[in-house]
Structure formats: C-alpha cells, structure tokens
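Reviewing the structure listed below.
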Amino acid sequence: MTGSQQAAADRPRAAGPQAPFGRMLTAMITPMTADGGMDYQGAARLASYLVDEMRNDGLVISGTTGESPTTSNQEKERLLRAVVEAVGDRATVVAGVGTNDTAHTIELARQAERAGVDGLLVVTPYYNKPPQNGLVAHFSAVADATGLPNMLYDIPGRTGTKIATQSLVQLAQHPRIVAVKDAAGDLGAGSEVMLTTDLAYYCGDDLLNLPWLSVGACGLVSVVGHVVGDRLHEMIDAYLSGDVAGALAIHREVLPVYIGVMTRTQGVIMTKAAMAMQGLPGGPVRPPLADATPAQVEQLRTDLVAGGVKLSGVSR
C-alpha cells in the first residue's frame, strides 16, 4: 500500500449527508378491507413489519402510494394515529398533506401535527399549475402553519409543474423546509440545489436510487421498500461506507423488483399485489385505480422471484 493509499484508509469514513427523517423510508400503501374500507389494524401491522423486518428508518403515510386522493381527512387522521402508535417510538412518521388547495393543505398539516407525526411531505399543487411565485407562497404558508419540518415533493410527471431550482433555493431559507423528495429525475438541477443550500435530498424514483446517492442524496423514499427495504438499507450503508461496488451489486440484484413494481403498471396496484403474495395487509385499491389482473400478478411474481424476494411457497 502506498503512502497516499494508507492515508486514505486511515481517514475516518464519511457519515454521509445529513438525513433529517432517516435514510431509508418507504411510502407506505394504505391497507383496505375487502369492501374498500380502511384497515387500521392492518396498517399498524404493516408499519411494524416495514420497520422491524424491512429496516425502514421512517414511513411516509398518505402519499400517492397511500392513495391519498381517495381517502378523507378523517380517514387520514385515524390512519396517522394508528401508525404513530405502532411505530412512532422507533421510526419517523411523515404525513403526506399536499393538495392543490393551500387552505386544505394547511388544514391537513395541522391535523397531522396533532396526530403526533415527525414531519410533513408536501407535494407540488397539481392540475391548477401555479406559477413559481405561487409555489413559493404555497410551500411557505404550509411551513408557517406548524412547527414540523417539511419535505417538498417534486414530481412534475404527476403534478404538471416542476419546482424550479431558484424556487428551491428561495424556499431553503425557511427554517422548517428541510428536504426534497425528488421524482423529477434531474440530477444536475438537484446537485445545484444541494451545492447552494442545506436542503437534504431523498430519491423518490426507485430506479434512480443509487444514482441519486452518488450525487449527494441523503436517502430514499421508496415504494419497493415494501419488499426489499432491508437490501436498500444495505445499499445505502455500503455506498456511504465507500463500498461502491457492493452498492452497485445490490442495485443490480433488485433491478427486477424495480421493474416489476414500478413500470408494469401503477405502483400502488403492484405493491398491493406483492403484499397479498406475502400474506401482508394490503387489500384492494380504491377506484379509479383497478386491482392487478391475473396476468399482471403472475408477471409480478416472476419479477419478484428474479429479484430475490421470498414469496409464500417459493424458494429464494
């Protein structure tokens, strides 16, 4: 070993960028009963599984994956309380509160704070496509409404509007806007924001989990964390410890799962199908979503097995 190599080996390992909500989070589905009602006991059971077995540092509740567009305010509040009671002493609980109505979003934010959550996920207002100064005003008003830290959710493919780099730089000045969940996929723009602000970035697109870590993201808000959260946690640990080859190996191992859950059809649909295969709470999706077809279920089974997921009656 050369002198420079020895010096590098002797340096303490970087702890990685600050992660205000933990590094490995899953955007949890909302379990439903057979008749389409909320399964609160199932939600508590699933939350415990994701924290205890899938090694999640935190859970996002009532995000898009949690079918937030089709759950009521009252259902959201009761769901949050069930999850906080189940895992709030050993994992962060982040409440999805974003809507395309600032007043309604503030109402949900305050409701979530009363329920005892650790933070808020606030998606870009959708459909009405506000201008950038409108976005800044919206996110600032929501952050002003509670004492909780906020994670902004940038997903222009669903909302129709991207949060501009300059808007994020401006919003970073707010003491309670601390993070971004990025599903815009622009690593260059995100790198610029991370360079010029203290905002923590979380990857919100599973196929880009490792690339986002490579440019400075602090962690993941995953959907496939329902089934491979433990391995994604290992991937994060490997990357941050300097084992890039090990992180890449895990990325490649779980690639069939990324594809099966996230690209065959809508992610909520496939995740609930995967939960059913594992005997975990899930239940049906609410309309206008539609449950996975038999053909989709069989393809998902193939994808999960290829990605090393243990299923009932199937050996890994």
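To be explicit about the labels: the chains of the structure tokens are called A, B, and onward in the order shown, and within each one the residues are counted from 1, while ligands get numbers from 1 in the order they are shown.
If you count only C-alpha atoms and ignore residues fewer than 2 places along the chain from range 160-162 of chain A, what sits within 10 Å of it is A:Thr124, A:Pro125, A:Tyr126, A:Tyr127, A:Asn128, A:Lys129, A:Pro130, A:Pro131, A:Gln132, A:Leu135, A:Tyr153, A:Asp154, A:Ile155, A:Pro156, A:Gly157, A:Arg158, A:Ala164, A:Thr165, A:Ser167, A:Ala183, A:Ala184.
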Could you write those residues out with C-alpha atoms, as a compact mmCIF listing (two decimals), in the first residue's frame?
```
# COMPACT_ATOMS: atom_id res chain seq x y z
CA THR A 124 -46.44 20.43 -5.61
CA PRO A 125 -50.03 21.56 -6.21
CA TYR A 126 -51.36 19.56 -9.15
CA TYR A 127 -53.73 20.26 -12.05
CA ASN A 128 -54.05 24.01 -11.49
CA LYS A 129 -50.33 24.53 -12.40
CA PRO A 130 -49.45 27.58 -10.30
CA PRO A 131 -46.56 29.83 -11.35
CA GLN A 132 -43.28 29.66 -9.44
CA LEU A 135 -45.46 27.66 -5.44
CA TYR A 153 -42.18 16.62 -3.15
CA ASP A 154 -41.17 17.46 -6.71
CA ILE A 155 -42.90 15.11 -9.16
CA PRO A 156 -43.77 17.02 -12.33
CA GLY A 157 -44.89 13.91 -14.18
CA ARG A 158 -47.93 13.80 -11.90
CA ALA A 164 -37.63 25.46 -10.30
CA THR A 165 -34.10 25.47 -8.94
CA SER A 167 -37.62 28.44 -6.13
CA ALA A 183 -39.11 12.37 -8.61
CA ALA A 184 -38.18 14.85 -11.34
```
Mind the document's chain letters and residue numbers, and return as a list in words the residues of range 59-161 of chain A that DSSP labels strand (DSSP E or B).
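Filtering range 59-161 of chain A to strand (DSSP E or B) leaves Leu59, Val60, Ile61, Thr92, Val93, Val94, Ala95, Gly96, Gly119, Leu120, Leu121, Val122, Val123, Asn150, Met151, Leu152, Tyr153 and Asp154 of chain A.
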How close does range 101-216 of chain A get to range 248-265 of chain A? List, as a Markdown table, each residue of range 101-216 of chain A within 12 Å, its nearest atom pair and the distance in Å to one decimal, counting only C-alpha atoms.
```
| residue | atom | partner | partner_atom | distance |
| --- | --- | --- | --- | --- |
| A:Gly204 | CA | A:Met262 | CA | 11.6 |
| A:Asp205 | CA | A:Met262 | CA | 8.8 |
| A:Asp206 | CA | A:Tyr258 | CA | 6.4 |
| A:Leu207 | CA | A:Tyr258 | CA | 6.1 |
| A:Leu208 | CA | A:His251 | CA | 9.5 |
| A:Asn209 | CA | A:His251 | CA | 8.2 |
| A:Leu210 | CA | A:His251 | CA | 6.9 |
| A:Pro211 | CA | A:Leu248 | CA | 9.8 |
| A:Leu213 | CA | A:Leu248 | CA | 11.2 |
| A:Ser214 | CA | A:Leu248 | CA | 10.7 |
```
Residues within 12 Å of Ser222 in chain A, only C-alpha atoms, excluding chain neighbours under 5 positions, as a ChimeraX atom specification:
/A:23-29,50,54,56-60,63-65,181-183,202-210,227-233,257-258,261-262,267-268,271
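The shortest atom-to-atom distance to Pro288 in chain A, with only C-alpha atoms taken into account, belongs to A:Gln266 out of A:Gln166, A:Asn133, A:Ser191, A:Gln266.
Between Leu280 in chain A and the residues A:Gly22, A:Gly246, A:Pro31, A:Gly16, the shortest atom-to-atom distance, using only C-alpha atoms, involves A:Pro31.
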Would you mind telling me which residue in A:Ala290, A:Val193, A:Val123, A:Leu311 lies nearest to Ala276 in chain A when using only C-alpha atoms?
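Smallest distance to Ala276 in chain A is found for A:Leu311.
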Quick one: distance from CA of Gln173 in chain A to CA of Ile61 in chain A in Å, one decimal?
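It comes out at 26.0 Å.
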In terms of the shortest atom-to-atom distance over only C-alpha atoms, which of A:Ala172, A:Gly88, A:Ser62, A:Met270 is closest to Val122 in chain A?
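For Val122 in chain A, the nearest of the candidates is A:Ser62.
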Between CA of Pro17 in chain A and CA of Arg114 in chain A - distance in Å to one decimal
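Answer for the CA of Arg114 in chain A to CA of Pro17 in chain A separation: 29.6 Å.
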